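These notes concern the structure reproduced below.
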Amino acid sequence: MKKIISIILLAALSLTLFAGCAKSETTGSDKKIVIGASPTPHAVILKEAAHLLKEKGYELEVKEFSDFVLPNTALEDKEIDANYFQHLTYLNDFNEKNKTHLVSAGSIHYEPFGLYAGKTKSLSDIKDGASISVPNDTTNEARALLLLQEQGLIKLKEGSGVLATKKDIVENKKNIDIKEMEAAQLVRSLEDVDFAVINGNYAILGGLKVSDALKVETADSKAAEAYANVIAVRKGDESSEKIKALVSVLKSDEMKSFIEKNFSGAVVPTI
């Protein structure tokens with residue numbers, strides 16, 4: 001019996017050591033960067049950047065996520081070194097709500113929000129009671145509402161800003177029905193609503209182009225700064241050599257040219 005117990009304990013110890021080694025080969029390695037990302041455009045951009053990082057002596061492993069929560073929890077739990085999927089306003093809101101400790105290591109690009117036609121093909125044809133779908137997460141809903149306000153379709157309560165919800169609408173002359181839904185469902189919603197305000201990455205996934213949008217956020221708007229997509233890391237890691245190398249490569253002229261060439265205005269490099 002003692003022999004059996006010893007064998008079991010030895011096996012358990014070996015598994016623990018193996019797990020520790022496996023972790024050190026990923027998030028613990030100074031020359032390997034494990035990063036979480038949305039499939040497009042983020043993972044596409046990162047896979048292109050991998051060869052530039054290799055030239056600097058770093059290996060880049062990209063883990064794709066399809067939602068807006070798991071990349072941050074995985075980062076907080078040290079399962080990955082960084083993530084690239086979110087804008088700064090969302091990151092700050094996530095930290096506040098979830099008591100996480102994530103920071104931006106640098107802004108990389110900006111995805112203009114677009115107002116796309118559904119059942120109604122022109123804003124000039126909008127009717128009383130028209131329906132418009134918007135993202136249901138706090139920061140992106142506010143961004144969508146701000147775009148609708150810019151078009152004179154609604155008016156928001158003064159000071160509501162980047163955390164506005166449809167409860168902050170104080171003027172709605174067309175009695176527009178604002179339909180809140182998950183960002184990933186917005187493209188699919190187009191056949192059921194008059195218009196939809198859609199995140200840049202989900203528009204790309206759904207086969208839409210910026211040129212398809214009736215209205216788009218301008219590159220010199222406040223949104224371009226507030227909603228710049230960033231490389232997020234745990235607080236304190238932003239100064240690590242491998243994270244600085246990652247940000248430097250992503251902000252390089254070569255990567256800016258790649259983004260401009262491949263995304264036709266749906267993704268805009270930050271300055």
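Residue numbering restarts at 1 in every chain; chains get A, B, ... in the order shown in the structure tokens, and ligands count up from 1 in that same order.
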What are the nearest atom pairs, with distances in Å to one decimal, for all residues of stretch 153-259 of chain A that come at most 8 Å from stretch 48-53 of chain A, using only C-alpha atoms, set out by chain and rising residue number as JSON lines?
```
{"residue": "A:Ala245", "atom": "CA", "partner": "A:Leu53", "partner_atom": "CA", "distance": 7.3}
{"residue": "A:Leu246", "atom": "CA", "partner": "A:Leu53", "partner_atom": "CA", "distance": 6.9}
{"residue": "A:Val249", "atom": "CA", "partner": "A:Leu52", "partner_atom": "CA", "distance": 6.7}
{"residue": "A:Leu250", "atom": "CA", "partner": "A:Ala49", "partner_atom": "CA", "distance": 6.6}
{"residue": "A:Met255", "atom": "CA", "partner": "A:Ala49", "partner_atom": "CA", "distance": 6.9}
```
Using DSSP on the backbone coordinates, identify all residues within stretch 144-175 of chain A classified as helix (DSSP H, G or I); present the result as a ChimeraX atom specification. /A:144-150,161-163,166-168
Best match for closeness to A:Val187 among A:Val170, A:Ile132, A:Val230, A:Lys235, counting only C-alpha atoms: A:Ile132
Would you return as an MDAnalysis selection string the members of stretch 18-215 of chain A that DSSP assigns to strand (DSSP E or B) on this structure's backbone? chainID A and resid 32:37 59:64 82:87 102:110 114:117 131:135 155:156 169:171 177:181 195:198 215
Based on the selection just made, write C-alpha atoms of those residues as a compact mmCIF listing (two decimals), in the first residue's frame.
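Contents of part.txt, as written:
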```txt
# COMPACT_ATOMS: atom_id res chain seq x y z
CA LYS A 32 7.57 33.84 -26.62
CA ILE A 33 4.47 36.04 -26.67
CA VAL A 34 1.08 34.37 -26.27
CA ILE A 35 -1.64 36.80 -27.28
CA GLY A 36 -5.43 36.53 -27.40
CA ALA A 37 -7.24 38.18 -30.30
CA GLU A 59 7.94 33.85 -31.23
CA LEU A 60 4.31 34.95 -31.45
CA GLU A 61 1.45 32.55 -30.65
CA VAL A 62 -2.05 33.84 -31.43
CA LYS A 63 -5.05 32.40 -29.59
CA GLU A 64 -8.37 33.39 -31.13
CA ALA A 82 -1.48 40.11 -23.81
CA ASN A 83 -4.63 40.57 -25.83
CA TYR A 84 -5.63 42.60 -28.86
CA PHE A 85 -9.35 42.91 -29.49
CA GLN A 86 -10.74 45.88 -27.57
CA HIS A 87 -10.69 49.65 -27.48
CA LEU A 102 -5.29 45.45 -17.14
CA VAL A 103 -3.68 48.39 -18.93
CA SER A 104 -2.92 49.52 -22.45
CA ALA A 105 0.62 49.00 -23.72
CA GLY A 106 -0.15 51.02 -26.85
CA SER A 107 -2.91 51.87 -29.32
CA ILE A 108 -2.66 50.17 -32.73
CA HIS A 109 -5.70 50.90 -34.85
CA TYR A 110 -9.16 52.39 -35.01
CA GLY A 114 -20.82 52.44 -39.46
CA LEU A 115 -24.56 52.95 -39.83
CA TYR A 116 -25.75 50.31 -42.29
CA ALA A 117 -29.02 50.01 -44.18
CA SER A 131 -35.99 50.22 -35.78
CA ILE A 132 -32.23 50.54 -35.36
CA SER A 133 -30.11 47.82 -33.74
CA VAL A 134 -27.04 48.75 -31.69
CA PRO A 135 -24.45 46.82 -29.61
CA LYS A 155 -30.56 63.63 -28.72
CA LEU A 156 -28.78 62.36 -25.62
CA ILE A 169 -32.19 59.61 -24.94
CA VAL A 170 -34.05 62.86 -24.23
CA GLU A 171 -35.29 63.55 -27.75
CA ASP A 177 -37.04 51.79 -31.65
CA ILE A 178 -33.48 51.18 -30.40
CA LYS A 179 -32.86 47.44 -30.29
CA GLU A 180 -29.93 46.41 -28.10
CA MET A 181 -28.25 43.13 -29.04
CA PHE A 195 -30.77 50.20 -39.86
CA ALA A 196 -27.95 48.89 -37.66
CA VAL A 197 -24.88 50.51 -36.14
CA ILE A 198 -22.14 47.90 -36.40
CA LYS A 215 -22.63 57.07 -42.28
```
Calculated over only C-alpha atoms, which of the candidates A:Leu214, A:Val162, A:Leu88, A:Ile243 has the smallest distance to A:Lys121?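 Closest residue, counting only C-alpha atoms: A:Leu214.
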Neighbour list for A:Val210 as JSON, numbers by chain, cut-off 8 Å, only C-alpha atoms, skip fewer than 3 positions in-chain: {"A": [114, 213, 216, 264, 265, 266]}
Give me the residues within 10 Å of A:Pro41 as a list in words, counting only C-alpha atoms and dropping any in the same chain fewer than 3 places off.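 The residues satisfying every condition are Ala37, Ser38, Val44, Ile45, Leu46, Tyr84, Phe85, His109, Glu111, Gly200, Asn201, Tyr202, Ile204, Leu205, Ile259, Asn262, Phe263, Ala266 and Val267 of chain A.
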Compare A:Ala164, A:Leu186, A:Glu158, A:Gly236 by their minimum atom-to-atom distance to A:Leu208, counting only C-alpha atoms, and give me the closest one.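 Checking each candidate against A:Leu208, we get A:Leu186 as the closest.
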Just want the 9 Å neighbourhood of A:Asp192, counted on only C-alpha atoms, with same-chain residues fewer than 4 positions away dropped. Output as an MDAnalysis selection string. chainID A and resid 118:119 131 188
Selection: 9 Å around A:Ala130, only C-alpha atoms, excl. self and same-chain fewer than 3 positions, as a PyMOL selection string: chain A and resi 120+126-127+174-178+193-195
Selected residues written out, N, CA and C atoms, as a tab-separated table (two decimals), in the first residue's frame:
```
chain	number	residue	atom	x	y	z
A	120	THR	N	-34.70	49.55	-44.71
A	120	THR	CA	-34.78	50.88	-45.32
A	120	THR	C	-33.41	51.24	-45.87
A	126	ILE	N	-36.34	57.34	-43.70
A	126	ILE	CA	-36.67	56.81	-42.38
A	126	ILE	C	-38.08	57.24	-41.97
A	127	LYS	N	-38.83	56.27	-41.43
A	127	LYS	CA	-40.22	56.52	-41.06
A	127	LYS	C	-40.38	56.53	-39.55
A	174	LYS	N	-38.52	60.81	-34.21
A	174	LYS	CA	-39.02	59.77	-35.11
A	174	LYS	C	-39.50	58.52	-34.35
A	175	ASN	N	-39.48	58.62	-33.01
A	175	ASN	CA	-39.88	57.47	-32.18
A	175	ASN	C	-39.12	56.20	-32.59
A	176	ILE	N	-37.84	56.37	-32.79
A	176	ILE	CA	-37.01	55.24	-33.22
A	176	ILE	C	-36.94	54.17	-32.14
A	177	ASP	N	-37.12	52.93	-32.55
A	177	ASP	CA	-37.04	51.79	-31.65
A	177	ASP	C	-35.59	51.30	-31.64
A	178	ILE	N	-34.87	51.60	-30.55
A	178	ILE	CA	-33.48	51.18	-30.40
A	178	ILE	C	-33.45	49.76	-29.88
A	193	VAL	N	-34.36	44.81	-39.25
A	193	VAL	CA	-34.45	46.19	-38.77
A	193	VAL	C	-34.27	47.16	-39.94
A	194	ASP	N	-34.56	48.42	-39.68
A	194	ASP	CA	-34.38	49.42	-40.74
A	194	ASP	C	-32.92	49.78	-40.93
A	195	PHE	N	-32.20	49.87	-39.81
A	195	PHE	CA	-30.77	50.20	-39.86
A	195	PHE	C	-30.07	49.50	-38.70
```
What does the structure give for the distance between atom CA of A:Glu217 and atom CA of A:Leu147, in Å to one decimal? 7.0 Å
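Atom CA of A:Asp67 is positioned 11.5 Å from atom CA of A:Asp137.
Distance-wise, atom CA of A:Phe94 and atom CA of A:Leu75 end up 12.5 Å apart.
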